[in-house]
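Asks: Input file: entry_0.txt. Contents: compact mmCIF, N, CA and C atoms.
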# COMPACT_ATOMS: atom_id res chain seq x y z
N MET A 12 0.84 -1.18 0.00
CA MET A 12 0.00 0.00 0.00
C MET A 12 0.88 1.24 0.00
N THR A 13 0.55 2.19 -0.83
CA THR A 13 1.29 3.44 -0.93
C THR A 13 0.89 4.37 0.21
N LEU A 14 1.87 5.02 0.79
CA LEU A 14 1.64 5.97 1.86
C LEU A 14 0.91 7.20 1.31
N PRO A 15 -0.29 7.51 1.82
CA PRO A 15 -1.00 8.70 1.32
C PRO A 15 -0.36 9.96 1.90
N LEU A 16 0.19 10.78 1.03
CA LEU A 16 0.85 12.01 1.47
C LEU A 16 -0.13 13.16 1.47
N THR A 17 -0.09 13.94 2.55
CA THR A 17 -0.84 15.18 2.67
C THR A 17 0.09 16.19 3.33
N PRO A 18 -0.21 17.47 3.26
CA PRO A 18 0.61 18.44 3.99
C PRO A 18 0.67 18.12 5.49
N GLN A 19 -0.40 17.57 6.05
CA GLN A 19 -0.41 17.23 7.47
C GLN A 19 0.54 16.08 7.78
N VAL A 20 0.62 15.09 6.88
CA VAL A 20 1.56 13.98 7.06
C VAL A 20 2.99 14.49 6.96
N LEU A 21 3.25 15.40 6.03
CA LEU A 21 4.59 15.98 5.90
C LEU A 21 4.96 16.75 7.16
N ALA A 22 4.03 17.52 7.69
CA ALA A 22 4.29 18.28 8.92
C ALA A 22 4.57 17.33 10.09
N ALA A 23 3.86 16.22 10.16
CA ALA A 23 4.07 15.25 11.23
C ALA A 23 5.47 14.62 11.12
N ALA A 24 5.90 14.32 9.91
CA ALA A 24 7.25 13.78 9.71
C ALA A 24 8.30 14.81 10.13
N TYR A 25 8.07 16.07 9.76
CA TYR A 25 8.97 17.16 10.15
C TYR A 25 9.02 17.27 11.67
N ASP A 26 7.86 17.26 12.32
CA ASP A 26 7.82 17.39 13.78
C ASP A 26 8.55 16.25 14.47
N PHE A 27 8.37 15.03 13.97
CA PHE A 27 9.07 13.87 14.54
C PHE A 27 10.58 14.07 14.46
N LEU A 28 11.07 14.41 13.27
CA LEU A 28 12.51 14.59 13.11
C LEU A 28 13.02 15.78 13.91
N ASN A 29 12.24 16.84 13.98
CA ASN A 29 12.64 18.04 14.71
C ASN A 29 12.78 17.78 16.21
N ALA A 30 12.19 16.70 16.69
CA ALA A 30 12.29 16.34 18.11
C ALA A 30 13.46 15.40 18.39
N THR A 31 14.21 15.02 17.34
CA THR A 31 15.30 14.06 17.48
C THR A 31 16.64 14.70 17.11
N GLU A 32 17.72 14.06 17.54
CA GLU A 32 19.07 14.50 17.17
C GLU A 32 19.31 14.23 15.69
N PRO A 33 20.04 15.07 15.00
CA PRO A 33 20.62 16.33 15.45
C PRO A 33 19.69 17.52 15.28
N PHE A 34 18.53 17.28 14.67
CA PHE A 34 17.63 18.38 14.31
C PHE A 34 17.18 19.21 15.51
N CYS A 35 16.99 18.57 16.66
CA CYS A 35 16.50 19.29 17.84
C CYS A 35 17.50 20.33 18.34
N ARG A 36 18.76 20.23 17.92
CA ARG A 36 19.77 21.21 18.33
C ARG A 36 19.88 22.39 17.37
N TRP A 37 19.19 22.34 16.26
CA TRP A 37 19.37 23.33 15.21
C TRP A 37 18.43 24.53 15.29
N ASN A 38 17.52 24.54 16.24
CA ASN A 38 16.59 25.66 16.38
C ASN A 38 15.84 25.95 15.07
N LEU A 39 15.32 24.89 14.47
CA LEU A 39 14.56 25.04 13.22
C LEU A 39 13.19 25.63 13.52
N PRO A 40 12.57 26.25 12.53
CA PRO A 40 11.23 26.80 12.73
C PRO A 40 10.22 25.70 13.07
N ASP A 41 9.15 26.06 13.76
CA ASP A 41 8.06 25.14 14.01
C ASP A 41 7.38 24.78 12.69
N SER A 42 6.76 23.62 12.65
CA SER A 42 6.10 23.19 11.41
C SER A 42 5.00 24.16 10.99
N GLU A 43 4.40 24.86 11.93
CA GLU A 43 3.36 25.84 11.58
C GLU A 43 3.89 27.00 10.76
N ASP A 44 5.22 27.20 10.81
CA ASP A 44 5.85 28.30 10.08
C ASP A 44 6.42 27.85 8.73
N ILE A 45 6.12 26.62 8.33
CA ILE A 45 6.61 26.07 7.07
C ILE A 45 5.42 25.69 6.22
N GLU A 46 5.51 25.94 4.94
CA GLU A 46 4.48 25.48 4.01
C GLU A 46 4.91 24.12 3.47
N PHE A 47 4.07 23.13 3.63
CA PHE A 47 4.35 21.78 3.13
C PHE A 47 3.48 21.54 1.90
N ARG A 48 4.11 21.04 0.83
CA ARG A 48 3.40 20.79 -0.42
C ARG A 48 3.62 19.35 -0.87
N VAL A 49 2.56 18.72 -1.33
CA VAL A 49 2.65 17.42 -1.97
C VAL A 49 2.66 17.68 -3.47
N MET A 50 3.73 17.21 -4.13
CA MET A 50 3.94 17.49 -5.54
C MET A 50 3.80 16.21 -6.36
N SER A 51 3.83 16.34 -7.69
CA SER A 51 3.73 15.19 -8.59
C SER A 51 4.99 14.98 -9.41
N ASP A 52 6.09 15.55 -8.98
CA ASP A 52 7.34 15.48 -9.74
C ASP A 52 7.81 14.04 -9.88
N ARG A 53 8.33 13.72 -11.05
CA ARG A 53 8.88 12.39 -11.30
C ARG A 53 10.40 12.40 -11.30
N THR A 54 11.01 13.56 -11.05
CA THR A 54 12.47 13.65 -11.13
C THR A 54 13.15 13.92 -9.80
N ALA A 55 12.42 14.38 -8.80
CA ALA A 55 13.01 14.68 -7.49
C ALA A 55 12.06 14.21 -6.39
N CYS A 56 12.63 13.60 -5.36
CA CYS A 56 11.82 13.12 -4.23
C CYS A 56 11.30 14.27 -3.38
N GLY A 57 12.12 15.31 -3.22
CA GLY A 57 11.73 16.43 -2.38
C GLY A 57 12.46 17.69 -2.76
N TRP A 58 11.96 18.81 -2.22
CA TRP A 58 12.54 20.12 -2.50
C TRP A 58 12.44 20.99 -1.27
N TYR A 59 13.37 21.91 -1.18
CA TYR A 59 13.29 22.98 -0.18
C TYR A 59 13.46 24.29 -0.91
N TRP A 60 12.59 25.26 -0.59
CA TRP A 60 12.70 26.61 -1.13
C TRP A 60 12.60 27.60 0.02
N LEU A 61 13.31 28.70 -0.15
CA LEU A 61 13.12 29.86 0.71
C LEU A 61 12.62 30.95 -0.22
N ASN A 62 11.36 31.31 -0.08
CA ASN A 62 10.72 32.24 -1.00
C ASN A 62 10.21 33.44 -0.22
N GLY A 63 10.93 34.55 -0.31
CA GLY A 63 10.52 35.77 0.38
C GLY A 63 10.45 35.60 1.88
N GLY A 64 11.34 34.81 2.45
CA GLY A 64 11.36 34.57 3.87
C GLY A 64 10.48 33.42 4.32
N LYS A 65 9.73 32.83 3.40
CA LYS A 65 8.83 31.70 3.71
C LYS A 65 9.54 30.39 3.35
N HIS A 66 9.61 29.48 4.33
CA HIS A 66 10.19 28.16 4.10
C HIS A 66 9.14 27.25 3.48
N ILE A 67 9.52 26.55 2.41
CA ILE A 67 8.60 25.64 1.73
C ILE A 67 9.32 24.31 1.54
N ILE A 68 8.67 23.23 1.93
CA ILE A 68 9.19 21.88 1.71
C ILE A 68 8.15 21.13 0.89
N GLY A 69 8.59 20.58 -0.24
CA GLY A 69 7.71 19.79 -1.09
C GLY A 69 8.21 18.36 -1.18
N VAL A 70 7.28 17.43 -1.29
CA VAL A 70 7.61 16.01 -1.42
C VAL A 70 6.77 15.43 -2.55
N SER A 71 7.40 14.59 -3.38
CA SER A 71 6.72 14.01 -4.53
C SER A 71 5.92 12.77 -4.13
N ARG A 72 4.62 12.79 -4.40
CA ARG A 72 3.79 11.61 -4.12
C ARG A 72 4.07 10.50 -5.13
N ARG A 73 4.66 10.85 -6.26
CA ARG A 73 4.99 9.83 -7.28
C ARG A 73 6.23 9.02 -6.91
N LEU A 74 7.13 9.61 -6.12
CA LEU A 74 8.38 8.93 -5.79
C LEU A 74 8.46 8.47 -4.34
N ILE A 75 7.64 9.02 -3.48
CA ILE A 75 7.66 8.67 -2.06
C ILE A 75 6.37 7.91 -1.73
N GLY A 76 6.53 6.63 -1.38
CA GLY A 76 5.35 5.83 -1.10
C GLY A 76 5.42 5.04 0.19
N ARG A 77 6.54 5.19 0.92
CA ARG A 77 6.71 4.46 2.17
C ARG A 77 7.22 5.41 3.26
N THR A 78 6.93 5.07 4.48
CA THR A 78 7.33 5.91 5.61
C THR A 78 8.84 6.11 5.64
N HIS A 79 9.59 5.05 5.39
CA HIS A 79 11.05 5.13 5.42
C HIS A 79 11.56 6.17 4.42
N SER A 80 11.04 6.13 3.20
CA SER A 80 11.51 7.09 2.19
C SER A 80 11.04 8.50 2.51
N LEU A 81 9.87 8.64 3.14
CA LEU A 81 9.42 9.97 3.55
C LEU A 81 10.35 10.56 4.61
N VAL A 82 10.71 9.75 5.60
CA VAL A 82 11.58 10.25 6.67
C VAL A 82 12.95 10.61 6.11
N GLU A 83 13.50 9.79 5.24
CA GLU A 83 14.80 10.11 4.63
C GLU A 83 14.73 11.41 3.83
N THR A 84 13.69 11.55 3.04
CA THR A 84 13.54 12.76 2.21
C THR A 84 13.33 13.99 3.07
N MET A 85 12.49 13.89 4.09
CA MET A 85 12.24 15.03 4.98
C MET A 85 13.53 15.43 5.69
N ALA A 86 14.31 14.46 6.16
CA ALA A 86 15.58 14.77 6.82
C ALA A 86 16.50 15.52 5.87
N HIS A 87 16.56 15.08 4.63
CA HIS A 87 17.41 15.74 3.63
C HIS A 87 16.97 17.19 3.42
N GLU A 88 15.66 17.40 3.29
CA GLU A 88 15.17 18.77 3.07
C GLU A 88 15.35 19.63 4.31
N MET A 89 15.29 19.03 5.48
CA MET A 89 15.53 19.78 6.72
C MET A 89 16.98 20.24 6.82
N ILE A 90 17.89 19.49 6.25
CA ILE A 90 19.29 19.92 6.20
C ILE A 90 19.41 21.17 5.34
N HIS A 91 18.73 21.18 4.20
CA HIS A 91 18.73 22.38 3.35
C HIS A 91 18.12 23.57 4.10
N LEU A 92 17.04 23.34 4.84
CA LEU A 92 16.41 24.41 5.62
C LEU A 92 17.40 24.93 6.66
N HIS A 93 18.10 24.03 7.32
CA HIS A 93 19.10 24.43 8.32
C HIS A 93 20.19 25.29 7.69
N GLU A 94 20.66 24.90 6.53
CA GLU A 94 21.69 25.68 5.84
C GLU A 94 21.18 27.07 5.48
N ALA A 95 19.92 27.19 5.10
CA ALA A 95 19.34 28.50 4.74
C ALA A 95 18.97 29.32 5.96
N HIS A 96 18.70 28.65 7.08
CA HIS A 96 18.24 29.29 8.30
C HIS A 96 19.44 29.88 9.00
What would the structure in this file look like if it were written as structure tokens?
Replies:
Amino acid sequence: MTLPLTPQVLAAAYDFLNATEPFCRWNLPDSEDIEFRVMSDRTACGWYWLNGGKHIIGVSRRLIGRTHSLVETMAHEMIHLHEAH
């Protein structure tokens, strides 16, 4: 069964990782301050953008279908957010 992705599921994955090492030491923004998007891209699992001061994390529903791959992708995008933050 494919993992149904929603912005709320993405925020929950972000919150989980943000409560664990090393992310909890990075003082990242709360999930309420990030826009989460479910995309249909076939070329990238996830994206991070900083657009006018707004953090945006997108995840492809076409490439991410399991919890493990969602957590890996979210962690990767959170590293980009940390670098921009």
Asks: Can you tell me, as a PyMOL selection string, what residues are no more than 6 Å from Phe47 in chain A when counting all atoms listed in the file, ignoring any on the same chain fewer than 5 positions away?
Replies: chain A and resi 18+67-69
Asks: Extract the full set of strand (DSSP E) residues from chain A according to DSSP on the backbone, and format it as a list in words.
Replies: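 Filtering chain A down to strand (DSSP E) leaves Ile45, Glu46, Phe47, Arg48, Val49, Met50, Gly57, Trp58, Tyr59, Trp60, Leu61, Asn62, Lys65, His66, Ile67, Ile68, Gly69, Val70 and Ser71 of chain A.
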Asks: Using only C-alpha atoms, determine which residues lie at most 10 Å from range 54-59 of chain A, disregarding the query and same-chain residues fewer than 2 positions distant; provide the list as a PyMOL selection string.
Replies: chain A and resi 47-52+61-62+66-75+80-81+83-85+87-92+95
Asks: Please indicate the distance in Å from CA of Trp37 in chain A to atom C of Arg77 in chain A, rounded to one decimal place.
Replies: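 Answer for the CA of Trp37 in chain A to atom C of Arg77 in chain A separation: 24.7 Å.
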Asks: Work out how far apart CA of His96 in chain A and atom N of Trp60 in chain A are and give it in Å to one decimal.
Replies: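 Distance reported for this atom pair: 11.3 Å.
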